[in-house]
Amino acid sequence: MAVEFSKESKAHFEEILTRYPKKRAAIMPTLWLAQKDFGYLSHEVLAYVAELIEESPAFVASVASFYTMYYKKPMGRHHVQVCTNLSCALVGSDNIVNCIKEKLGIGLGETTPDGKFSLDEVECLASCGTGPMMQIDDDYWEGLTTEKTLEILEKLAAG
Amino acid sequence: MPKLEIDGQEVEVANGTNLVQAAEQLGTEVPHYCYHPGLPVAGNCRMCLVEIEKMPKLQIACNTRANEGMVVHTKSDRVLRARESVLEFLLVNHPIDCPICDQAGECKLQDYYMDHDRQESRIPLESKVSKGKAIDIGPMIMLDQERCILCTRCTRFLDEVTGTSELGIFERGNHCQIDLFPGVMLDNPYSGNVADICPVGALTNKDFRFRTRVWYLESTPSVCPGCATGCNIDIHHRSGEVFRYRPRHNPDVNSYWMCDEGRLSYKRYQGEGRLLQPVQRAGEDWQPIAWDAAVGRFVDVLKGDKRIAGVISAQSSNEEIFLFDQLVREQLSGQVAGHSWSPEGASSDELLIDGDKNPNTAGLTELGLTLDARKIIDSALAGEIDTLVLYGTDLTQVCTVEEIAELGDKLDAAIVLDLRYGPSLEIADLVLPIASYAEIEGSFINRQRRCQVLGRSMEPTGHSWPGWQLLTKVAGSLGAPSHDSASAVFERIADKHAAFRGLTLAGLAGLGAPLGGATSGDG
Ligand code: SF4
Ligand code: SF4
Ligand code: FES
Ligand code: FES
């Protein structure tokens with residue numbers, strides 16, 4: 001079945017277009033919108049975006065491939081991103097990563113079989129003063145301990 | 001017209017000329033990868049850095065316009081050091097597999113490395129990022145992602161020239177690679193060009209891969225025989241075998257490009273099926289006959305009070321067409337027609353490909369022939385012709401199989417002059433093998449009425465003869481003045497036909513030239 005934006009997303013896309021002199025320039029917010037709508041950027045979605053902004057699928061796919069925040073494969077409901085950059089590493093981000101791996105039973109770059117969580121390590125999220133820290137979906141969780149981390153995960157798992 | 005100084009030499013260039021081109025005018029090569037004169041400038045490889053006085057940093061020559069009073073250095077120490085660094089950078093993840101790379105010998109990485117780098121790699125082979133090798137991406141092209149230097153020539157060609165955009169650059173940093181969008185193939189009618197413009201061994205021509213090393217090849221400038229466009233090409237050959245065609249730049253005809261169909265058309269002229277020696281019919285069989293005897297027999301058949309007709313195909317050169325017409329029409333008072341045939345549904349487009357799959361239909365009409373071969377067949381079927389001479393003409397393109405058999409009964413004699421075995425031999429009494437267009441000197445006229453020269457790349461196959469030589473010999477035996485070269489035949493053409501006046505084969509070498517005057521309907 002061909003993919004298509006919801007009615008709201010279509011309207012949103014039209015609004016995005018008004019911000020740019022050329023359709024091509026709307027590629028990033030359109031991909032973002034598509035990711036929100038479809039969960040991740042499958043080949044069909046990329047081709048759909050290409051059609052919308054009148055560019056080639058290869059061009060759209062190459063832009064999407066450049067950025068890690070565009071998902072090219074299905075993701076869990078919650079995306080857990082733990083900073084393992086220098087400042088966080090110095091205050092024990094390793095322990096946090098290990099405890100999450102154990103709790104969820106998955107490795108980095110993987111998704112739990114129930115589709116609830118995906119786990120990634122990321123570079124500095126500019127919250128160095130309050131490390132170790134992680135970002136889950138759009139929220140920051142700072143000053144993490146293993147207990148606090150497990151508590152957060154359990155709450156989300158139940159929610 | 002800005003005047004500037006490059007490496008101490010003054011040069012005046014046209015407005016808008018970039019520094020790579022300006023240096024070229026002085027015979028200086030500024031090394032470059034991403035810049036290609038047929039594509040928009042990208043400026044991403046940094047190989048073309050030059051020093052410009054009063055500018056603090058080195059500048060890329062490809063994207064810098066020549067300006068009045070500029071003082072440019074292309075060989076200063078700073079420039080040489082920069083080149084060395086750029087090359088080291090481009091080679092960071094390169095697999096250095098030249099011994100198994102088809103590009104070796106015509107690879108800009110090899111060439112520039114030898115000219116400007118020559119240092120040990122600081123990256124051990126095992127810590128290089130490895131990527132895909134020998135990926136089949138379409139009917140013409142094989143991709144090796146590791147060898148790619150990400151110059152984007154291929155993607156710019158596909159974006160700007162064909163507009164098909166099959167390839168893109170995926171991922172980032174060390175992992176950047178050229179790839180197809182999933183489910184797409186690089187199969188547009190011009191895909192072969194990307195192998196020509198790829199400066200390294202990342203995109204190679206599947207048809208050519210591993211058949212020879214490029215340094216064994218000789219190159220002869222010529223014209224593609226694939227259609228009426230007449231793209232300019234170089235024929236790359238060795239010991240009488242063609243290995244590939246490469247497009248040759250002609251701004252008025254094909255720019256830097258050619259189509260895939262034309263690129264592979266060399267195959268039609270070699271291998272199985274070529275006629276190798278004169279033969280005559282002996283009942284059901286063919287009997288070899290020496291050339292002298294064959295020419296003698298041909299002359300005998302034409303002599304006397306006979307009704308003669310000839311058909312010559314639009315695959316023939318101007319020189320062959322002219323001599324054929326002179327012989328049959330002028331000397332023997334026979335009828336002549338040209339034959340220009342293309343298969344039904346033949347490809348054509350707006351870019352280069354013409355639906356007329358003959359390289360010299362315009363030659364037939366410019367030399368005064370009609371294109372009505374069928375009329376001659378009709379008179380033959382009506383018993384109005386004694387002797388039919390078929391020059392490169394496949395009868396099945398003009399009549400049915402039954403009609404061919406009927407022709408055999410009606411004619412006293414049929415002579416076939418051709419490159420290869422074909423249905424016309426069915427009715428032939430005498431078959432004379434002629435050399436292919438790659439084996440003769442001569443000329444074609446393309447759809448723009450541009451007269452272009454064929455390069456003689458190799459000796460005629462087997463015991464075949466160049467057509468013009470055979471025709472002039474026969475005409476000579478029947479009392480006409482003979483010619484000792486294709487150029488001499490061309491001189492005669494220029495004498496007789498106003499449109500050719502002032503042209504010579506030697507003068508047309510290179511890019512060719514338009515015919516004079518205008519034909520009807522050609523404003
Ligand atoms: S494949 Fe060749 S032409 Fe294309 S970007 Fe790589 S090096 Fe350049
Ligand atoms: S467009 Fe015609 S002349 Fe040009 S390469 Fe193709 S077949 Fe040959
Ligand atoms: S190092 Fe972890 S937020 Fe900066
Ligand atoms: S040729 Fe100038 S930057 Fe590549």
# chains A, B, ... in the order shown; residues from 1 in each chain; ligands from 1
call {"tool": "interface_residues", "arguments": {"of": "chain B", "to": "chain A", "cutoff": "7 Å", "atoms": "only C-alpha atoms", "output": "JSON, numbers by chain"}}
result
{"B": [165, 166, 167, 168, 169, 170, 171, 172, 180, 181]}
call {"tool": "write_last_selection", "arguments": {"atoms": "C-alpha atoms", "output": "mmCIF file, in the first residue's frame"}}
result
data_model
loop_
_atom_site.group_PDB
_atom_site.id
_atom_site.type_symbol
_atom_site.label_atom_id
_atom_site.label_comp_id
_atom_site.auth_asym_id
_atom_site.auth_seq_id
_atom_site.Cartn_x
_atom_site.Cartn_y
_atom_site.Cartn_z
ATOM 1 C CA SER B 165 19.379 10.797 -10.608
ATOM 2 C CA GLU B 166 19.843 7.100 -9.913
ATOM 3 C CA LEU B 167 22.940 7.520 -7.748
ATOM 4 C CA GLY B 168 23.459 9.420 -4.511
ATOM 5 C CA ILE B 169 26.078 9.771 -1.791
ATOM 6 C CA PHE B 170 24.957 7.975 1.351
ATOM 7 C CA GLU B 171 26.145 8.067 4.984
ATOM 8 C CA ARG B 172 28.802 10.538 6.066
ATOM 9 C CA LEU B 180 21.660 3.418 -5.693
ATOM 10 C CA PHE B 181 18.316 4.067 -4.105
#
call {"tool": "select_by_dssp", "arguments": {"residues": "range 23-151 of chain A", "states": "alpha helix (DSSP H)", "output": "compact mmCIF listing (two decimals) with N, CA and C atoms, in the first residue's frame"}}
result
# COMPACT_ATOMS: atom_id res chain seq x y z
N ILE A 27 13.33 19.86 2.62
CA ILE A 27 13.57 18.43 2.81
C ILE A 27 13.67 18.01 4.28
N MET A 28 14.40 18.79 5.09
CA MET A 28 14.64 18.33 6.47
C MET A 28 13.37 18.32 7.31
N PRO A 29 12.63 19.45 7.38
CA PRO A 29 11.39 19.38 8.17
C PRO A 29 10.38 18.38 7.60
N THR A 30 10.41 18.15 6.29
CA THR A 30 9.46 17.20 5.73
C THR A 30 9.83 15.77 6.15
N LEU A 31 11.12 15.47 6.16
CA LEU A 31 11.55 14.16 6.64
C LEU A 31 11.18 13.98 8.11
N TRP A 32 11.35 15.05 8.87
CA TRP A 32 11.04 15.01 10.30
C TRP A 32 9.55 14.73 10.51
N LEU A 33 8.77 15.43 9.73
CA LEU A 33 7.32 15.25 9.79
C LEU A 33 6.95 13.81 9.43
N ALA A 34 7.60 13.30 8.40
CA ALA A 34 7.32 11.93 7.94
C ALA A 34 7.70 10.93 9.03
N GLN A 35 8.80 11.21 9.70
CA GLN A 35 9.23 10.30 10.77
C GLN A 35 8.19 10.28 11.89
N LYS A 36 7.66 11.46 12.21
CA LYS A 36 6.62 11.53 13.25
C LYS A 36 5.39 10.74 12.81
N ASP A 37 5.03 10.87 11.55
CA ASP A 37 3.82 10.24 11.04
C ASP A 37 3.96 8.72 10.90
N PHE A 38 5.12 8.30 10.37
CA PHE A 38 5.25 6.88 10.01
C PHE A 38 6.17 6.11 10.95
N HIS A 43 11.98 2.90 2.87
CA HIS A 43 12.22 3.28 1.47
C HIS A 43 10.97 3.88 0.84
N GLU A 44 9.82 3.32 1.21
CA GLU A 44 8.57 3.85 0.65
C GLU A 44 8.36 5.29 1.12
N VAL A 45 8.64 5.54 2.39
CA VAL A 45 8.45 6.89 2.93
C VAL A 45 9.42 7.87 2.25
N LEU A 46 10.68 7.40 2.07
CA LEU A 46 11.66 8.28 1.42
C LEU A 46 11.21 8.62 0.00
N ALA A 47 10.69 7.61 -0.70
CA ALA A 47 10.23 7.86 -2.07
C ALA A 47 9.03 8.80 -2.07
N TYR A 48 8.19 8.66 -1.03
CA TYR A 48 7.02 9.53 -0.91
C TYR A 48 7.46 10.98 -0.68
N VAL A 49 8.43 11.17 0.21
CA VAL A 49 8.94 12.52 0.46
C VAL A 49 9.56 13.09 -0.82
N ALA A 50 10.28 12.24 -1.53
CA ALA A 50 10.91 12.69 -2.78
C ALA A 50 9.85 13.22 -3.74
N GLU A 51 8.75 12.50 -3.81
CA GLU A 51 7.66 12.92 -4.69
C GLU A 51 7.09 14.26 -4.22
N LEU A 52 6.91 14.39 -2.90
CA LEU A 52 6.34 15.62 -2.35
C LEU A 52 7.20 16.84 -2.66
N ILE A 53 8.51 16.70 -2.53
CA ILE A 53 9.35 17.89 -2.71
C ILE A 53 9.98 17.92 -4.12
N PRO A 57 14.47 10.14 -5.31
CA PRO A 57 14.57 9.32 -4.10
C PRO A 57 16.01 9.19 -3.63
N ALA A 58 16.97 9.10 -4.57
CA ALA A 58 18.37 8.96 -4.16
C ALA A 58 18.82 10.18 -3.37
N PHE A 59 18.39 11.35 -3.79
CA PHE A 59 18.78 12.58 -3.08
C PHE A 59 18.19 12.60 -1.68
N VAL A 60 16.92 12.29 -1.58
CA VAL A 60 16.25 12.31 -0.27
C VAL A 60 16.88 11.26 0.65
N ALA A 61 17.13 10.07 0.10
CA ALA A 61 17.71 9.01 0.92
C ALA A 61 19.11 9.38 1.36
N SER A 62 19.86 10.07 0.50
CA SER A 62 21.23 10.40 0.90
C SER A 62 21.22 11.45 2.01
N VAL A 63 20.29 12.39 1.97
CA VAL A 63 20.19 13.37 3.06
C VAL A 63 19.79 12.65 4.35
N ALA A 64 18.79 11.77 4.26
CA ALA A 64 18.33 11.06 5.45
C ALA A 64 19.46 10.22 6.05
N SER A 65 20.30 9.65 5.17
CA SER A 65 21.37 8.78 5.67
C SER A 65 22.46 9.56 6.40
N PHE A 66 22.54 10.85 6.13
CA PHE A 66 23.59 11.67 6.75
C PHE A 66 23.33 11.87 8.25
N LEU A 86 32.87 12.41 26.99
CA LEU A 86 33.88 12.50 28.05
C LEU A 86 33.35 12.82 29.45
N SER A 87 32.65 13.93 29.60
CA SER A 87 32.23 14.35 30.94
C SER A 87 31.36 13.29 31.59
N CYS A 88 30.43 12.72 30.84
CA CYS A 88 29.55 11.70 31.38
C CYS A 88 30.31 10.41 31.67
N ALA A 89 31.27 10.09 30.79
CA ALA A 89 32.06 8.89 30.99
C ALA A 89 32.83 8.97 32.30
N LEU A 90 33.34 10.18 32.63
CA LEU A 90 34.12 10.36 33.85
C LEU A 90 33.29 10.13 35.10
N SER A 93 29.01 6.89 33.12
CA SER A 93 27.95 6.57 32.15
C SER A 93 28.00 5.08 31.75
N ASP A 94 29.20 4.49 31.85
CA ASP A 94 29.31 3.06 31.53
C ASP A 94 28.35 2.21 32.37
N ASN A 95 28.33 2.54 33.68
CA ASN A 95 27.44 1.78 34.57
C ASN A 95 25.99 1.92 34.14
N ILE A 96 25.65 3.13 33.75
CA ILE A 96 24.26 3.39 33.34
C ILE A 96 23.93 2.56 32.10
N VAL A 97 24.83 2.59 31.12
CA VAL A 97 24.59 1.83 29.89
C VAL A 97 24.43 0.35 30.23
N ASN A 98 25.36 -0.16 31.06
CA ASN A 98 25.30 -1.59 31.39
C ASN A 98 24.02 -1.96 32.11
N CYS A 99 23.59 -1.09 33.01
CA CYS A 99 22.38 -1.45 33.76
C CYS A 99 21.16 -1.41 32.85
N ILE A 100 21.14 -0.50 31.90
CA ILE A 100 20.00 -0.48 30.96
C ILE A 100 20.03 -1.73 30.06
N LYS A 101 21.22 -2.07 29.56
CA LYS A 101 21.36 -3.26 28.72
C LYS A 101 20.81 -4.49 29.44
N GLU A 102 21.19 -4.59 30.72
CA GLU A 102 20.77 -5.76 31.49
C GLU A 102 19.27 -5.75 31.71
N LYS A 103 18.77 -4.59 32.07
CA LYS A 103 17.34 -4.45 32.37
C LYS A 103 16.48 -4.79 31.13
N LEU A 104 16.90 -4.24 30.00
CA LEU A 104 16.06 -4.41 28.80
C LEU A 104 16.43 -5.68 28.02
N THR A 146 22.16 4.17 39.03
CA THR A 146 21.52 2.98 38.45
C THR A 146 20.10 2.84 38.97
N GLU A 147 19.88 3.15 40.29
CA GLU A 147 18.53 3.01 40.86
C GLU A 147 17.55 3.92 40.13
N LYS A 148 17.97 5.17 39.99
CA LYS A 148 17.10 6.16 39.36
C LYS A 148 16.78 5.73 37.92
N THR A 149 17.78 5.22 37.24
CA THR A 149 17.60 4.81 35.85
C THR A 149 16.56 3.70 35.75
N LEU A 150 16.71 2.70 36.67
CA LEU A 150 15.77 1.56 36.62
C LEU A 150 14.34 2.02 36.92
N GLU A 151 14.25 2.94 37.85
CA GLU A 151 12.93 3.48 38.22
C GLU A 151 12.26 4.13 37.01
call {"tool": "residues_around", "arguments": {"residues": "Leu156 in chain A", "least_positions_apart": "3", "cutoff": "12 Å", "atoms": "only C-alpha atoms", "output": "ChimeraX atom specification"}}
result
/A:77-80,116-117,136-137,149-153,159
call {"tool": "write_last_selection", "arguments": {"atoms": "N, CA, C and O atoms", "output": "short mmCIF file (atom, residue, chain, number, x, y, z; two decimals), in the first residue's frame"}}
result
data_model
loop_
_atom_site.label_atom_id
_atom_site.label_comp_id
_atom_site.auth_asym_id
_atom_site.auth_seq_id
_atom_site.Cartn_x
_atom_site.Cartn_y
_atom_site.Cartn_z
N ARG A 77 8.91 2.14 21.05
CA ARG A 77 8.04 3.28 21.40
C ARG A 77 8.87 4.38 22.05
O ARG A 77 8.64 5.56 21.82
N HIS A 78 9.83 3.98 22.91
CA HIS A 78 10.69 4.96 23.57
C HIS A 78 12.13 4.81 23.10
O HIS A 78 12.65 3.69 23.07
N HIS A 79 12.76 5.92 22.77
CA HIS A 79 14.14 5.88 22.31
C HIS A 79 15.05 6.37 23.44
O HIS A 79 15.03 7.54 23.80
N VAL A 80 15.83 5.44 23.99
CA VAL A 80 16.72 5.77 25.10
C VAL A 80 18.10 6.07 24.55
O VAL A 80 18.71 5.23 23.89
N LYS A 116 8.98 -1.85 22.89
CA LYS A 116 8.80 -0.70 23.79
C LYS A 116 10.01 0.24 23.80
O LYS A 116 9.86 1.45 23.86
N PHE A 117 11.24 -0.36 23.79
CA PHE A 117 12.44 0.47 23.95
C PHE A 117 13.48 0.21 22.85
O PHE A 117 13.68 -0.94 22.45
N ILE A 136 15.40 10.45 26.83
CA ILE A 136 14.39 9.48 26.38
C ILE A 136 13.31 10.27 25.65
O ILE A 136 12.70 11.18 26.21
N ASP A 137 13.15 9.93 24.39
CA ASP A 137 12.26 10.69 23.51
C ASP A 137 12.65 12.17 23.58
O ASP A 137 13.78 12.47 23.29
N THR A 149 17.78 5.22 37.24
CA THR A 149 17.60 4.81 35.85
C THR A 149 16.56 3.70 35.75
O THR A 149 15.64 3.75 34.93
N LEU A 150 16.71 2.70 36.67
CA LEU A 150 15.77 1.56 36.62
C LEU A 150 14.34 2.02 36.92
O LEU A 150 13.38 1.57 36.28
N GLU A 151 14.25 2.94 37.85
CA GLU A 151 12.93 3.48 38.22
C GLU A 151 12.26 4.13 37.01
O GLU A 151 11.08 3.89 36.72
N ILE A 152 13.04 4.95 36.30
CA ILE A 152 12.49 5.64 35.12
C ILE A 152 12.01 4.62 34.09
O ILE A 152 10.90 4.73 33.55
N LEU A 153 12.85 3.61 33.85
CA LEU A 153 12.49 2.61 32.83
C LEU A 153 11.23 1.85 33.23
O LEU A 153 10.36 1.58 32.40
N GLY A 159 3.73 2.44 31.70
CA GLY A 159 2.87 3.50 31.17
C GLY A 159 2.27 3.28 29.84
O GLY A 159 2.37 2.41 29.09
#
call {"tool": "residues_around", "arguments": {"residues": "range 249-252 of chain B", "least_positions_apart": "3", "cutoff": "7 Å", "atoms": "only C-alpha atoms", "output": "list in words"}}
result
Asn232, Ser255, Tyr256 and Leu511 of chain B
call {"tool": "write_last_selection", "arguments": {"atoms": "N, CA and C atoms", "output": "CSV table (one decimal), in the first residue's frame"}}
result
chain,number,residue,atom,x,y,z
B,232,ASN,N,30.8,11.8,-32.1
B,232,ASN,CA,32.2,11.6,-32.3
B,232,ASN,C,32.8,10.7,-31.3
B,255,SER,N,28.6,16.8,-27.5
B,255,SER,CA,29.2,17.3,-26.3
B,255,SER,C,30.3,16.3,-25.9
B,256,TYR,N,30.2,15.8,-24.6
B,256,TYR,CA,31.2,14.8,-24.2
B,256,TYR,C,30.6,13.4,-24.1
B,511,LEU,N,36.7,17.6,-36.0
B,511,LEU,CA,35.3,17.8,-35.7
B,511,LEU,C,34.4,17.8,-36.9
call {"tool": "residues_near_ligand", "arguments": {"ligand": "ligand 3", "cutoff": "6 Å", "atoms": "only C-alpha atoms and all ligand atoms", "output": "ChimeraX atom specification"}}
result
/A:83-88,124-128,131
call {"tool": "residues_around", "arguments": {"residues": "Val279 in chain B", "least_positions_apart": "5", "cutoff": "9 Å", "atoms": "only C-alpha atoms", "output": "PDB file with C-alpha atoms, in the first residue's frame"}}
result
ATOM      1  CA  TRP B 286      29.877 -21.653 -52.360  1.00  0.00           C
ATOM      2  CA  GLN B 287      33.231 -21.844 -54.004  1.00  0.00           C
ATOM      3  CA  PRO B 288      36.097 -19.555 -52.977  1.00  0.00           C
ATOM      4  CA  ILE B 289      37.447 -17.432 -55.787  1.00  0.00           C
ATOM      5  CA  ALA B 290      40.587 -15.285 -55.949  1.00  0.00           C
ATOM      6  CA  ALA B 294      36.175 -12.216 -58.659  1.00  0.00           C
ATOM      7  CA  ASP B 429      25.851 -15.523 -57.781  1.00  0.00           C
ATOM      8  CA  LEU B 430      28.939 -13.729 -56.574  1.00  0.00           C
ATOM      9  CA  VAL B 431      29.707 -12.410 -53.085  1.00  0.00           C
ATOM     10  CA  LEU B 432      32.420  -9.835 -52.471  1.00  0.00           C
ATOM     11  CA  PRO B 433      33.423  -9.096 -48.869  1.00  0.00           C
TER      12      PRO B 433
END
call {"tool": "residues_near_ligand", "arguments": {"ligand": "ligand 2", "cutoff": "7 Å", "atoms": "only C-alpha atoms and all ligand atoms", "output": "MDAnalysis selection string"}}
result
chainID B and resid 224:231 254 258:263 352:354
call {"tool": "residues_near_ligand", "arguments": {"ligand": "ligand 4", "cutoff": "9 Å", "atoms": "only C-alpha atoms and all ligand atoms", "output": "list in words"}}
result
Val20, Val30, Pro31, His32, Tyr33, Cys34, Tyr35, His36, Val41, Ala42, Gly43, Asn44, Cys45, Arg46, Met47, Cys48, Leu49, Gln59, Ile60, Ala61, Cys62, Asn63, Thr64 and Cys151 of chain B
